[in-house]
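As stored in upload-v8.csv (CSV, C-alpha atoms):
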chain,number,residue,atom,x,y,z
W,1,MET,CA,58.3,114.6,80.6
W,2,PHE,CA,58.9,111.9,83.1
W,3,SER,CA,56.0,112.8,85.4
W,4,TRP,CA,54.4,109.4,84.8
W,5,LEU,CA,57.6,107.7,85.9
W,6,ASN,CA,57.8,110.0,89.0
W,7,ASP,CA,54.2,109.1,89.8
W,8,LEU,CA,54.9,105.4,89.5
W,9,ILE,CA,58.0,105.6,91.7
W,10,ASN,CA,56.1,107.7,94.3
W,11,ARG,CA,53.3,105.2,94.4
W,12,PHE,CA,55.8,102.4,95.0
W,13,ILE,CA,57.6,104.4,97.7
W,14,ASP,CA,54.3,105.2,99.4
W,15,TRP,CA,53.4,101.5,99.3
W,16,VAL,CA,56.7,100.6,101.0
W,17,HIS,CA,56.4,103.6,103.4
W,18,TYR,CA,53.0,102.5,104.6
W,19,ARG,CA,54.4,99.2,105.6
W,20,THR,CA,57.9,100.2,106.9
W,21,GLY,CA,58.0,103.9,107.5
W,22,ILE,CA,60.9,104.1,105.1
W,23,LYS,CA,60.4,107.8,104.3
W,24,ASP,CA,61.0,108.8,108.0
W,25,ILE,CA,64.1,106.6,108.2
W,26,VAL,CA,65.6,108.1,105.0
W,27,LYS,CA,64.7,111.6,106.2
W,28,GLU,CA,66.3,111.1,109.6
W,29,GLN,CA,69.4,109.1,108.4
W,30,ILE,CA,70.1,110.5,105.0
W,31,THR,CA,68.4,113.5,103.5
W,32,GLU,CA,68.1,115.6,106.7
W,33,TYR,CA,70.9,114.0,108.6
W,34,ARG,CA,72.8,116.7,110.3
W,35,VAL,CA,76.6,116.6,110.4
W,36,PRO,CA,78.9,118.9,112.3
W,37,PRO,CA,80.0,122.0,110.4
W,38,LYS,CA,83.3,122.2,108.6
W,39,LEU,CA,83.7,118.6,107.7
W,40,ASN,CA,86.5,118.0,105.1
W,41,LYS,CA,87.8,115.2,102.9
W,42,TRP,CA,89.2,113.3,105.8
W,43,TYR,CA,85.7,112.6,106.9
W,44,SER,CA,84.9,110.8,103.7
W,45,LEU,CA,87.4,108.0,104.4
W,46,GLY,CA,85.0,105.8,106.4
W,47,GLY,CA,82.4,105.9,103.7
W,48,LEU,CA,85.0,105.3,101.0
W,49,SER,CA,86.3,102.2,102.8
W,50,LEU,CA,82.7,100.9,103.1
W,51,PHE,CA,82.4,101.4,99.3
W,52,ILE,CA,85.6,99.4,98.6
W,53,PHE,CA,84.5,96.7,101.1
W,54,GLY,CA,81.3,96.3,99.0
W,55,LEU,CA,83.3,96.3,95.8
W,56,GLN,CA,85.6,93.5,97.3
W,57,LEU,CA,82.5,91.5,98.2
W,58,VAL,CA,81.1,91.8,94.6
W,59,THR,CA,84.4,91.1,92.8
W,60,GLY,CA,85.2,88.3,95.3
W,61,VAL,CA,81.9,86.5,94.6
W,62,LEU,CA,82.6,86.9,90.9
W,63,LEU,CA,86.1,85.4,91.2
W,64,LEU,CA,84.6,82.6,93.2
W,65,VAL,CA,82.6,81.6,90.2
W,66,TYR,CA,85.7,80.5,88.3
W,67,TYR,CA,88.4,80.0,90.9
W,68,VAL,CA,89.2,76.4,92.0
W,69,PRO,CA,90.6,76.0,95.5
W,70,SER,CA,93.0,73.1,94.9
W,71,THR,CA,96.8,73.0,94.5
W,72,ASP,CA,96.4,71.3,91.2
W,73,ALA,CA,93.9,73.6,89.6
W,74,ALA,CA,94.2,77.0,91.4
W,75,PHE,CA,96.9,78.6,89.2
W,76,ALA,CA,95.3,77.3,86.0
W,77,SER,CA,92.0,78.7,87.1
W,78,ILE,CA,93.6,82.1,87.7
W,79,GLN,CA,95.2,82.0,84.3
W,80,ARG,CA,91.8,81.2,82.8
W,81,ILE,CA,90.2,84.1,84.6
W,82,MET,CA,93.0,86.4,83.3
W,83,LEU,CA,93.2,85.2,79.7
W,84,ASP,CA,90.0,83.5,78.7
W,85,ILE,CA,87.0,84.8,80.6
W,86,PRO,CA,85.6,88.1,79.3
W,87,TYR,CA,86.5,91.0,81.7
W,88,GLY,CA,88.1,88.4,84.0
W,89,TRP,CA,91.2,90.5,84.1
W,90,LEU,CA,89.1,93.5,85.2
W,91,VAL,CA,87.4,91.6,88.0
W,92,ARG,CA,90.6,90.0,89.3
W,93,LEU,CA,92.7,93.2,89.1
W,94,SER,CA,89.9,95.2,90.7
W,95,HIS,CA,89.9,92.8,93.6
W,96,ALA,CA,93.7,93.0,93.9
W,97,ALA,CA,93.9,96.8,93.5
W,98,GLY,CA,90.9,97.2,95.7
W,99,SER,CA,92.6,95.3,98.5
W,100,HIS,CA,95.6,97.7,98.3
W,101,MET,CA,93.2,100.7,98.2
W,102,MET,CA,91.3,99.4,101.2
W,103,MET,CA,94.5,99.1,103.3
W,104,ILE,CA,95.6,102.6,102.3
W,105,ILE,CA,92.2,104.2,103.0
W,106,ILE,CA,91.5,102.5,106.3
W,107,MET,CA,95.1,103.4,107.4
W,108,LEU,CA,94.4,107.1,106.6
W,109,HIS,CA,91.0,106.8,108.3
W,110,MET,CA,92.8,105.5,111.4
W,111,VAL,CA,95.3,108.4,111.2
W,112,SER,CA,92.6,111.0,111.0
W,113,VAL,CA,90.8,109.4,114.0
W,114,ILE,CA,94.0,109.4,116.1
W,115,PHE,CA,94.9,112.9,115.0
W,116,MET,CA,91.5,114.4,115.9
W,117,GLY,CA,91.2,112.4,119.1
W,118,SER,CA,87.9,111.0,117.8
W,119,TYR,CA,88.4,107.7,119.7
W,120,LYS,CA,87.9,109.4,123.0
W,121,LYS,CA,84.9,108.8,125.4
W,122,PRO,CA,82.2,108.0,124.5
W,123,ARG,CA,83.5,106.6,121.2
W,124,GLU,CA,85.8,103.8,122.6
W,125,MET,CA,83.6,101.0,121.2
W,126,THR,CA,83.6,102.4,117.7
W,127,TRP,CA,87.3,102.8,117.9
W,128,LEU,CA,87.9,99.2,119.2
W,129,SER,CA,85.6,97.7,116.5
W,130,GLY,CA,87.6,99.7,114.0
W,131,CYS,CA,90.9,98.3,115.3
W,132,ALA,CA,89.5,94.8,115.0
W,133,LEU,CA,88.4,95.6,111.4
W,134,ILE,CA,91.9,96.8,110.5
W,135,ILE,CA,93.4,93.6,111.8
W,136,LEU,CA,90.8,91.5,110.0
W,137,THR,CA,91.5,93.5,106.8
W,138,LEU,CA,95.2,92.6,107.1
W,139,ALA,CA,94.2,89.0,107.7
W,140,VAL,CA,91.9,88.8,104.7
W,141,CYS,CA,94.6,90.4,102.5
W,142,PHE,CA,97.1,87.8,103.9
W,143,THR,CA,94.9,84.8,103.3
W,144,GLY,CA,93.9,86.0,99.8
W,145,TYR,CA,97.5,86.3,98.7
W,146,LEU,CA,98.1,82.6,98.9
W,147,LEU,CA,95.1,81.6,96.8
W,148,PRO,CA,96.6,82.0,93.3
W,149,TRP,CA,99.1,79.3,94.4
W,150,SER,CA,101.9,81.0,92.4
W,151,GLN,CA,105.6,81.0,93.3
W,152,LEU,CA,105.2,84.5,94.7
W,153,SER,CA,102.2,83.7,96.9
W,154,TYR,CA,103.7,80.4,98.0
W,155,TRP,CA,107.0,81.9,99.2
W,156,ALA,CA,105.4,85.0,100.6
W,157,THR,CA,103.1,82.9,102.7
W,158,THR,CA,106.1,80.7,103.7
W,159,VAL,CA,108.0,83.8,105.0
W,160,ALA,CA,105.0,85.4,106.6
W,161,THR,CA,103.7,82.3,108.4
W,162,SER,CA,107.2,81.8,109.8
W,163,ILE,CA,107.1,85.2,111.6
W,164,PRO,CA,105.6,83.8,114.9
W,165,GLU,CA,108.3,81.1,115.0
W,166,PRO,CA,110.7,83.0,117.4
W,167,ILE,CA,108.0,83.4,120.0
W,168,PRO,CA,109.2,81.4,123.0
W,169,LEU,CA,107.3,78.1,123.8
W,170,ILE,CA,104.2,78.8,121.7
W,171,GLY,CA,105.9,80.0,118.5
W,172,PRO,CA,106.3,76.7,116.6
W,173,PHE,CA,102.8,75.7,117.7
W,174,ILE,CA,101.3,78.8,116.2
W,175,VAL,CA,103.2,78.2,112.9
W,176,LYS,CA,102.0,74.6,112.7
W,177,LEU,CA,98.4,75.7,113.4
W,178,VAL,CA,98.4,78.4,110.8
W,179,ARG,CA,100.0,76.2,108.1
W,180,GLY,CA,98.1,73.0,109.0
W,181,GLY,CA,101.4,71.2,108.8
W,182,ASP,CA,105.2,71.7,109.0
W,183,HIS,CA,105.3,73.4,105.6
W,184,ILE,CA,102.9,75.1,103.3
W,185,ASN,CA,100.8,72.2,101.9
W,186,PRO,CA,97.4,71.6,100.2
W,187,ASP,CA,95.7,71.9,103.5
W,188,THR,CA,97.1,75.4,104.0
W,189,LEU,CA,95.5,76.5,100.7
W,190,ASN,CA,92.1,75.1,101.8
W,191,ARG,CA,92.1,76.6,105.2
W,192,PHE,CA,93.2,80.0,103.9
W,193,PHE,CA,90.5,79.7,101.3
W,194,ALA,CA,87.8,79.0,103.9
W,195,LEU,CA,89.1,82.0,106.0
W,196,HIS,CA,89.3,84.3,103.0
W,197,VAL,CA,85.9,83.7,101.4
W,198,ILE,CA,83.6,83.2,104.4
W,199,VAL,CA,85.0,83.3,107.9
W,200,ILE,CA,86.8,86.7,107.9
W,201,PRO,CA,84.3,88.5,105.5
W,202,ALA,CA,81.3,87.3,107.7
W,203,VAL,CA,82.9,88.6,110.9
W,204,MET,CA,83.9,91.9,109.1
W,205,LEU,CA,80.4,92.4,107.8
W,206,ALA,CA,79.0,92.1,111.4
W,207,LEU,CA,81.7,94.4,112.7
W,208,VAL,CA,81.1,97.0,110.0
W,209,GLY,CA,77.4,96.9,110.9
W,210,PHE,CA,78.2,97.5,114.5
W,211,HIS,CA,80.8,100.2,113.6
W,212,LEU,CA,78.2,102.1,111.5
W,213,PHE,CA,75.5,101.6,114.1
W,214,MET,CA,77.7,103.2,116.8
W,215,VAL,CA,78.6,106.1,114.4
W,216,ARG,CA,74.9,106.8,113.9
W,217,VAL,CA,74.1,106.4,117.6
W,218,LEU,CA,76.8,108.8,118.8
W,219,GLY,CA,77.0,111.0,115.8
W,220,ILE,CA,80.2,112.1,113.9
W,221,SER,CA,82.9,113.6,116.1
W,222,GLY,CA,83.4,116.8,114.1
W,223,PRO,CA,86.4,119.1,113.8
W,224,ARG,CA,86.9,121.4,116.7
W,225,SER,CA,85.9,124.9,116.0
W,226,SER,CA,87.5,128.0,117.4
W,227,LYS,CA,84.4,130.0,116.9
W,228,PRO,CA,81.7,129.3,119.5
W,229,GLU,CA,78.8,130.0,117.0
W,230,ASP,CA,80.0,127.0,114.9
W,231,LYS,CA,78.9,124.7,117.6
W,232,GLU,CA,75.7,122.7,117.0
Z,1,MET,CA,58.9,140.3,93.0
Z,2,SER,CA,58.9,137.4,95.3
Z,3,ASP,CA,55.2,136.8,94.6
Z,4,ASP,CA,56.0,136.6,90.9
Z,5,LEU,CA,58.6,134.0,91.5
Z,6,LYS,CA,56.3,132.0,93.7
Z,7,THR,CA,53.5,131.9,91.1
Z,8,GLU,CA,55.9,131.0,88.4
Z,9,GLU,CA,57.3,128.1,90.5
Z,10,VAL,CA,53.8,126.8,91.2
Z,11,SER,CA,52.8,126.9,87.5
Z,12,LEU,CA,55.7,124.6,86.5
Z,13,PRO,CA,54.9,120.9,86.1
Z,14,ALA,CA,56.5,118.6,88.6
Z,15,GLY,CA,60.1,117.6,87.7
Z,16,THR,CA,61.0,120.6,85.7
Z,17,ASN,CA,62.7,122.7,88.5
Z,18,ARG,CA,66.4,122.8,89.1
Z,19,ARG,CA,66.3,120.1,91.9
Z,20,GLY,CA,64.3,117.8,89.7
Z,21,PHE,CA,66.7,118.3,86.8
Z,22,LEU,CA,69.7,117.6,89.0
Z,23,GLN,CA,68.0,114.5,90.5
Z,24,TRP,CA,67.3,113.1,87.1
Z,25,THR,CA,70.8,113.8,85.8
Z,26,LEU,CA,72.4,112.2,88.8
Z,27,GLY,CA,70.0,109.3,88.7
Z,28,GLY,CA,70.7,108.9,85.0
Z,29,LEU,CA,74.4,108.9,85.5
Z,30,LEU,CA,74.1,106.3,88.3
Z,31,PHE,CA,71.8,104.2,86.2
Z,32,GLY,CA,74.3,104.4,83.3
Z,33,GLY,CA,77.1,103.3,85.6
Z,34,PHE,CA,75.0,100.3,86.7
Z,35,VAL,CA,74.3,99.4,83.1
Z,36,VAL,CA,78.0,99.4,82.3
Z,37,ALA,CA,78.9,97.4,85.4
Z,38,GLY,CA,76.0,95.0,84.7
Z,39,ASN,CA,77.2,94.5,81.2
Z,40,VAL,CA,80.7,93.6,82.6
Z,41,VAL,CA,79.2,91.1,85.1
Z,42,LEU,CA,76.9,89.6,82.5
Z,43,ARG,CA,79.7,89.1,80.0
Z,44,TYR,CA,81.9,87.7,82.7
Z,45,LEU,CA,79.3,85.1,83.8
Z,46,MET,CA,78.1,84.2,80.2
Z,47,PRO,CA,79.8,81.0,79.0
Z,48,PRO,CA,82.1,81.8,76.0
Z,49,PRO,CA,81.0,80.3,72.7
Z,50,PRO,CA,82.5,76.8,72.2
Z,51,ARG,CA,85.6,76.9,70.1
Z,52,LEU,CA,85.2,73.4,68.4
Z,53,GLU,CA,81.6,74.0,67.2
Z,54,LYS,CA,82.5,73.6,63.5
Z,55,ALA,CA,85.2,70.9,64.0
Z,56,GLY,CA,83.7,68.8,61.1
Z,57,LYS,CA,82.8,65.2,61.4
Z,58,VAL,CA,83.6,63.2,64.5
Z,59,SER,CA,85.4,60.0,63.7
Z,60,ILE,CA,86.6,57.3,66.0
Z,61,PRO,CA,88.6,54.1,65.2
Z,62,VAL,CA,86.6,50.9,65.2
Z,63,SER,CA,89.2,49.4,67.5
Z,64,GLN,CA,88.1,51.7,70.3
Z,65,ILE,CA,84.8,49.8,70.5
Z,66,PRO,CA,85.6,46.1,70.9
Z,67,LYS,CA,82.7,43.7,70.7
Z,68,GLY,CA,80.3,44.0,73.7
Z,69,SER,CA,81.5,47.5,74.7
Z,70,SER,CA,80.2,51.0,74.2
Z,71,LEU,CA,81.6,54.5,73.7
Z,72,MET,CA,80.1,57.9,74.4
Z,73,VAL,CA,81.1,60.6,72.0
Z,74,LYS,CA,80.0,64.2,71.6
Z,75,HIS,CA,78.6,64.7,68.1
Z,76,GLN,CA,77.3,68.1,66.9
Z,77,GLY,CA,77.1,69.2,70.6
Z,78,SER,CA,75.0,66.3,71.8
Z,79,PRO,CA,76.0,63.0,73.3
Z,80,VAL,CA,76.0,59.9,71.1
Z,81,LEU,CA,76.4,56.3,72.4
Z,82,ALA,CA,77.9,53.8,70.0
Z,83,VAL,CA,77.7,50.1,70.8
Z,84,HIS,CA,79.2,47.0,69.3
Z,85,THR,CA,77.0,43.9,69.6
Z,86,GLU,CA,76.8,40.6,67.7
Z,87,GLN,CA,74.7,42.4,65.1
Z,88,GLY,CA,77.5,44.9,64.5
Z,89,ILE,CA,78.0,48.5,65.4
Z,90,SER,CA,75.1,50.8,66.0
Z,91,ALA,CA,74.8,54.3,67.4
Z,92,PHE,CA,72.0,56.2,69.2
Z,93,SER,CA,71.4,59.5,70.8
Z,94,ALA,CA,72.3,59.0,74.4
Z,95,VAL,CA,69.6,61.4,75.6
Z,96,CYS,CA,66.7,59.5,77.2
Z,97,THR,CA,63.4,60.4,75.5
Z,98,HIS,CA,61.6,60.6,78.9
Z,99,LEU,CA,63.3,63.5,80.7
Z,100,GLY,CA,66.7,63.9,79.1
Z,101,CYS,CA,69.1,62.0,81.3
Z,102,LEU,CA,71.9,60.1,79.7
Z,103,VAL,CA,71.4,56.4,79.1
Z,104,LYS,CA,74.2,53.9,79.5
Z,105,TRP,CA,74.8,50.6,77.8
Z,106,VAL,CA,74.5,47.5,80.1
Z,107,PRO,CA,76.4,44.7,78.3
Z,108,ALA,CA,75.1,42.0,80.6
Z,109,GLU,CA,71.5,42.6,79.7
Z,110,LYS,CA,72.1,44.1,76.2
Z,111,ILE,CA,70.0,47.1,77.0
Z,112,PHE,CA,70.3,50.9,77.2
Z,113,TYR,CA,69.5,51.8,80.8
Z,114,CYS,CA,68.4,55.2,82.0
Z,115,PRO,CA,69.5,55.7,85.6
Z,116,CYS,CA,66.9,58.5,86.4
Z,117,HIS,CA,63.6,56.5,86.1
Z,118,ALA,CA,64.8,53.0,85.1
Z,119,GLY,CA,63.8,53.4,81.5
Z,120,LYS,CA,65.1,50.5,79.3
Z,121,PHE,CA,65.7,50.3,75.6
Z,122,ASP,CA,66.8,47.3,73.6
Z,123,ALA,CA,69.8,47.1,71.3
Z,124,THR,CA,67.7,48.6,68.4
Z,125,GLY,CA,66.6,51.5,70.6
Z,126,LYS,CA,63.1,50.3,71.2
Z,127,VAL,CA,61.5,50.9,74.6
Z,128,VAL,CA,61.2,47.7,76.6
Z,129,ALA,CA,60.5,49.0,80.1
Z,130,GLY,CA,59.9,52.2,82.1
Z,131,PRO,CA,58.4,55.6,81.2
Z,132,PRO,CA,60.2,56.7,78.0
Z,133,PRO,CA,57.5,57.5,75.4
Z,134,GLU,CA,59.6,57.1,72.3
Z,135,PRO,CA,62.5,54.9,71.1
Z,136,LEU,CA,66.1,56.3,71.2
Z,137,PRO,CA,66.7,58.1,67.8
Z,138,PRO,CA,69.4,56.3,65.9
Z,139,VAL,CA,72.5,58.3,64.7
Z,140,LYS,CA,73.7,57.7,61.1
Z,141,PHE,CA,77.3,56.8,60.6
Z,142,GLU,CA,79.6,55.2,58.0
Z,143,ILE,CA,82.7,53.1,58.4
Z,144,VAL,CA,85.6,54.2,56.2
Z,145,ASP,CA,89.1,52.6,56.7
Z,146,ASP,CA,88.1,51.2,60.0
Z,147,ASN,CA,87.0,54.6,61.3
Z,148,ILE,CA,83.5,55.3,62.4
Z,149,ILE,CA,82.4,58.7,61.0
Z,150,PHE,CA,79.2,60.2,62.3
Z,151,LEU,CA,77.1,62.0,59.8
Represent the structure contained in this file as structure tokens.
Amino acid sequence: MFSWLNDLINRFIDWVHYRTGIKDIVKEQITEYRVPPKLNKWYSLGGLSLFIFGLQLVTGVLLLVYYVPSTDAAFASIQRIMLDIPYGWLVRLSHAAGSHMMMIIIMLHMVSVIFMGSYKKPREMTWLSGCALIILTLAVCFTGYLLPWSQLSYWATTVATSIPEPIPLIGPFIVKLVRGGDHINPDTLNRFFALHVIVIPAVMLALVGFHLFMVRVLGISGPRSSKPEDKE
Amino acid sequence: MSDDLKTEEVSLPAGTNRRGFLQWTLGGLLFGGFVVAGNVVLRYLMPPPPRLEKAGKVSIPVSQIPKGSSLMVKHQGSPVLAVHTEQGISAFSAVCTHLGCLVKWVPAEKIFYCPCHAGKFDATGKVVAGPPPEPLPPVKFEIVDDNIIFL
């Protein structure tokens, strides 16, 4: 029934394959990629967090279309997204719920890696890039929380940015640097905005690429099997 | 037995085996999901219809345009420039007939000036300089109780 469509798709794939060798890459990396035996749900968490990261990028760009990063207009623009724009509530709440889901899933991912000892030699660099990613995820959640410029986000950021204050000597300096002033002010919103929408996501994207590259270079660290015939 | 199966499999046209069916089903589901998501994104990005489309006639008090000044108003979704000269009040479409920039009234020279390509129109809308091919179309209005009502 759809053989003409199959032919059309195959001809297109052949055209791309001749120029890139895409069929071999797909075969090696996806369709005939061998994973260790007895993988379970815990091994889906990395892929799941990648999916949510992609979702956050898409919904984030969509929010950027209507959000205004200024103390005068930020809250009103959020209200507009929630009340006036069609499906704005869906986009914004997906972004908010997605951030929570991402934290939960990468925490579970980390737990499984620790529990199974998957961070051990030769996978230290994968592990360290993952640690950097979890810190950056926290940072991106933290900077994003201020952006609606609501009472909740204002005071939450006031409290959270005062955390480094008790550090001897450099504490007050760090607080001033993060806030861009003695208190939360319009400059704080703009620097958090810059960090949230471009700086941290760009670094995360590069690190995710490295993380995945290392996973593919070294292969998945599978569950340990008690039966010798399960090896390979 | 196994030979029978083999010939049967070969005789089937491409895309009608179990794998083909599953691939098409999965592909269809994915495609359906993308269509739904695409609809959400498109509706989100599409500007909502303007609420004041049928707001009736635009009216401004004459006192808002003292002699020598001009006022830009939105009338039936397009910009209209009303000017008050010695000859009285007149109104024109503010869209330049050249490439659609908005003209502005220059009181000192008594001309409509287009900032894009230096097109100039006189107080009656006639082209006096620059590339515009046609005069500015006048906009009809009437004055009722010191209010300018655009028609």
Please tabulate, as a tab-separated table, the residues of chain W that come within 12 Å of chain Z, each with its closest pair of atoms and the distance in Å to one decimal, counting all atoms listed in the file and ordering rows by chain, then residue number upward.
residue	atom	partner	partner_atom	distance
W:Met1	CA	Z:Gly15	CA	7.9
W:Phe2	CA	Z:Gly15	CA	7.4
W:Ser3	CA	Z:Ala14	CA	6.6
W:Trp4	CA	Z:Ala14	CA	10.2
W:Leu5	CA	Z:Gly15	CA	10.4
W:Asn6	CA	Z:Gly15	CA	8.0
W:Asp7	CA	Z:Ala14	CA	9.8
W:Leu55	CA	Z:Ala37	CA	11.3
W:Val58	CA	Z:Val41	CA	9.7
W:Thr59	CA	Z:Val41	CA	9.3
W:Val61	CA	Z:Val41	CA	10.9
W:Leu62	CA	Z:Val41	CA	7.9
W:Leu63	CA	Z:Tyr44	CA	9.8
W:Leu64	CA	Z:Leu45	CA	11.1
W:Val65	CA	Z:Leu45	CA	8.0
W:Tyr66	CA	Z:Leu45	CA	9.1
W:Arg80	CA	Z:Tyr44	CA	11.8
W:Ile81	CA	Z:Tyr44	CA	9.2
W:Met82	CA	Z:Tyr44	CA	11.2
W:Leu83	CA	Z:Tyr44	CA	12.0
W:Asp84	CA	Z:Pro48	CA	8.5
W:Ile85	CA	Z:Tyr44	CA	6.2
W:Pro86	CA	Z:Tyr44	CA	5.0
W:Tyr87	CA	Z:Tyr44	CA	5.7
W:Gly88	CA	Z:Tyr44	CA	6.4
W:Trp89	CA	Z:Tyr44	CA	9.8
W:Leu90	CA	Z:Val40	CA	8.8
W:Val91	CA	Z:Tyr44	CA	8.6
W:Arg92	CA	Z:Tyr44	CA	11.2
Okay, now the selection with C-alpha atoms, as a tab-separated table (two decimals), keeping the file's coordinate frame?
chain	number	residue	atom	x	y	z
W	1	MET	CA	58.30	114.60	80.60
W	2	PHE	CA	58.90	111.90	83.10
W	3	SER	CA	56.00	112.80	85.40
W	4	TRP	CA	54.40	109.40	84.80
W	5	LEU	CA	57.60	107.70	85.90
W	6	ASN	CA	57.80	110.00	89.00
W	7	ASP	CA	54.20	109.10	89.80
W	55	LEU	CA	83.30	96.30	95.80
W	58	VAL	CA	81.10	91.80	94.60
W	59	THR	CA	84.40	91.10	92.80
W	61	VAL	CA	81.90	86.50	94.60
W	62	LEU	CA	82.60	86.90	90.90
W	63	LEU	CA	86.10	85.40	91.20
W	64	LEU	CA	84.60	82.60	93.20
W	65	VAL	CA	82.60	81.60	90.20
W	66	TYR	CA	85.70	80.50	88.30
W	80	ARG	CA	91.80	81.20	82.80
W	81	ILE	CA	90.20	84.10	84.60
W	82	MET	CA	93.00	86.40	83.30
W	83	LEU	CA	93.20	85.20	79.70
W	84	ASP	CA	90.00	83.50	78.70
W	85	ILE	CA	87.00	84.80	80.60
W	86	PRO	CA	85.60	88.10	79.30
W	87	TYR	CA	86.50	91.00	81.70
W	88	GLY	CA	88.10	88.40	84.00
W	89	TRP	CA	91.20	90.50	84.10
W	90	LEU	CA	89.10	93.50	85.20
W	91	VAL	CA	87.40	91.60	88.00
W	92	ARG	CA	90.60	90.00	89.30
Rank nothing, just name the residue among W:Gly130, W:Pro148, W:Gly60, W:Gly209 nearest to Ser94 of chain W, using all atoms listed in the file.
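Among the listed residues, the smallest separation from Ser94 of chain W belongs to W:Gly60.
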Which residues are close to Val159 of chain W, i.e. within 12 Å by all atoms listed in the file, leaving aside same-chain residues fewer than 5 positions away? Reply as a ChimeraX atom specification.
/W:142,146,152-154,164-165,175,179,183-184
Let me see the file: selected residues, C-alpha atoms, as a compact mmCIF listing (two decimals), keeping the file's coordinate frame.
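Full text of selection_21.txt as output:
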# COMPACT_ATOMS: atom_id res chain seq x y z
CA PHE W 142 97.10 87.80 103.90
CA LEU W 146 98.10 82.60 98.90
CA LEU W 152 105.20 84.50 94.70
CA SER W 153 102.20 83.70 96.90
CA TYR W 154 103.70 80.40 98.00
CA PRO W 164 105.60 83.80 114.90
CA GLU W 165 108.30 81.10 115.00
CA VAL W 175 103.20 78.20 112.90
CA ARG W 179 100.00 76.20 108.10
CA HIS W 183 105.30 73.40 105.60
CA ILE W 184 102.90 75.10 103.30
Protein, DNA and RNA residues within 9 Å of (109.3, 79.8, 113.9), all atoms listed in the file, as a CSV table (one decimal) with C-alpha atoms, in the coordinates of the input:
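The file below, part_1.csv, is the result:
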chain,number,residue,atom,x,y,z
W,161,THR,CA,103.7,82.3,108.4
W,162,SER,CA,107.2,81.8,109.8
W,163,ILE,CA,107.1,85.2,111.6
W,164,PRO,CA,105.6,83.8,114.9
W,165,GLU,CA,108.3,81.1,115.0
W,166,PRO,CA,110.7,83.0,117.4
W,167,ILE,CA,108.0,83.4,120.0
W,171,GLY,CA,105.9,80.0,118.5
W,172,PRO,CA,106.3,76.7,116.6
W,173,PHE,CA,102.8,75.7,117.7
W,174,ILE,CA,101.3,78.8,116.2
W,175,VAL,CA,103.2,78.2,112.9
Find the residues near Ile60 of chain Z: any atom within 9 Å, counting all atoms listed in the file, skip ones fewer than 3 places away on the same chain, and give them as an NGL selection string.
:Z and (63-65 or 73 or 146-150)
Keeping only C-alpha atoms, write the selected residues to a file as a tab-separated table (two decimals), in the coordinates of the input.
chain	number	residue	atom	x	y	z
Z	63	SER	CA	89.20	49.40	67.50
Z	64	GLN	CA	88.10	51.70	70.30
Z	65	ILE	CA	84.80	49.80	70.50
Z	73	VAL	CA	81.10	60.60	72.00
Z	146	ASP	CA	88.10	51.20	60.00
Z	147	ASN	CA	87.00	54.60	61.30
Z	148	ILE	CA	83.50	55.30	62.40
Z	149	ILE	CA	82.40	58.70	61.00
Z	150	PHE	CA	79.20	60.20	62.30
Residues within 9 Å of Leu50 of chain W, please, as a ChimeraX atom specification. Count all atoms listed in the file; anything in the same chain fewer than 5 positions from it doesn't count.
/W:45,55,102,208
Enter the distance from atom CA of Pro107 of chain Z to atom CA of Gly68 of chain Z, in Å, rounded to one decimal.
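Separation between atom CA of Pro107 of chain Z and atom CA of Gly68 of chain Z: 6.1 Å.
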What is the atom CA of Ala123 of chain Z-atom CA of Ile111 of chain Z distance in Å, reported with one decimal?
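That distance, rounded to one decimal, is 5.7 Å.
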What separation in Å, quoted to one decimal, exists between atom CA of Cys96 of chain Z and atom CA of Ala129 of chain Z?
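Here the two named atoms are 12.5 Å from each other.
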Which polymer residues have any atom within 12 Å of an atom of Val35 of chain W, counting all atoms listed in the file, with same-chain residues fewer than 5 positions away left out, as a compact mmCIF listing (two decimals) with C-alpha atoms, keeping the file's coordinate frame?
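As written to disk, selection-v8.txt reads:
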# COMPACT_ATOMS: atom_id res chain seq x y z
CA GLU W 28 66.30 111.10 109.60
CA GLN W 29 69.40 109.10 108.40
CA ILE W 30 70.10 110.50 105.00
CA ASN W 40 86.50 118.00 105.10
CA TYR W 43 85.70 112.60 106.90
CA VAL W 215 78.60 106.10 114.40
CA ARG W 216 74.90 106.80 113.90
CA LEU W 218 76.80 108.80 118.80
CA GLY W 219 77.00 111.00 115.80
CA ILE W 220 80.20 112.10 113.90
CA SER W 221 82.90 113.60 116.10
CA GLY W 222 83.40 116.80 114.10
CA PRO W 223 86.40 119.10 113.80
CA ASP W 230 80.00 127.00 114.90
CA LYS W 231 78.90 124.70 117.60
CA GLU W 232 75.70 122.70 117.00
Residue nearest Asn190 of chain W among W:Ser44, W:Thr71, W:Thr20, W:Gln56 (counting all atoms listed in the file):
W:Thr71
Please check which residues have atoms at most 9 Å from (77.0, 59.1, 70.9) in the file's coordinates, counting all atoms listed in the file, and write them as a list of chain:residue names.
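The residues near that point, listed by chain and number, are Z:Leu71, Z:Met72, Z:Val73, Z:Lys74, Z:His75, Z:Ser78, Z:Pro79, Z:Val80, Z:Leu81, Z:Ala82, Z:Ala91, Z:Phe92, Z:Ser93, Z:Ala94, Z:Val139, Z:Phe150.
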For each of Z:Asp145, Z:Glu134, Z:Glu86, Z:Asp122, take the minimum atom-to-atom distance to His98 of chain Z, counting only C-alpha atoms, then give the residue where this is smallest.
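Closest candidate: Z:Glu134.
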Find the spatial neighbours of Pro131 of chain Z, counting only C-alpha atoms, within a cut-off of 12 Å - ignore same-chain residues fewer than 4 positions away - and output them as a ChimeraX atom specification.
/Z:96-100,113-121,127,135
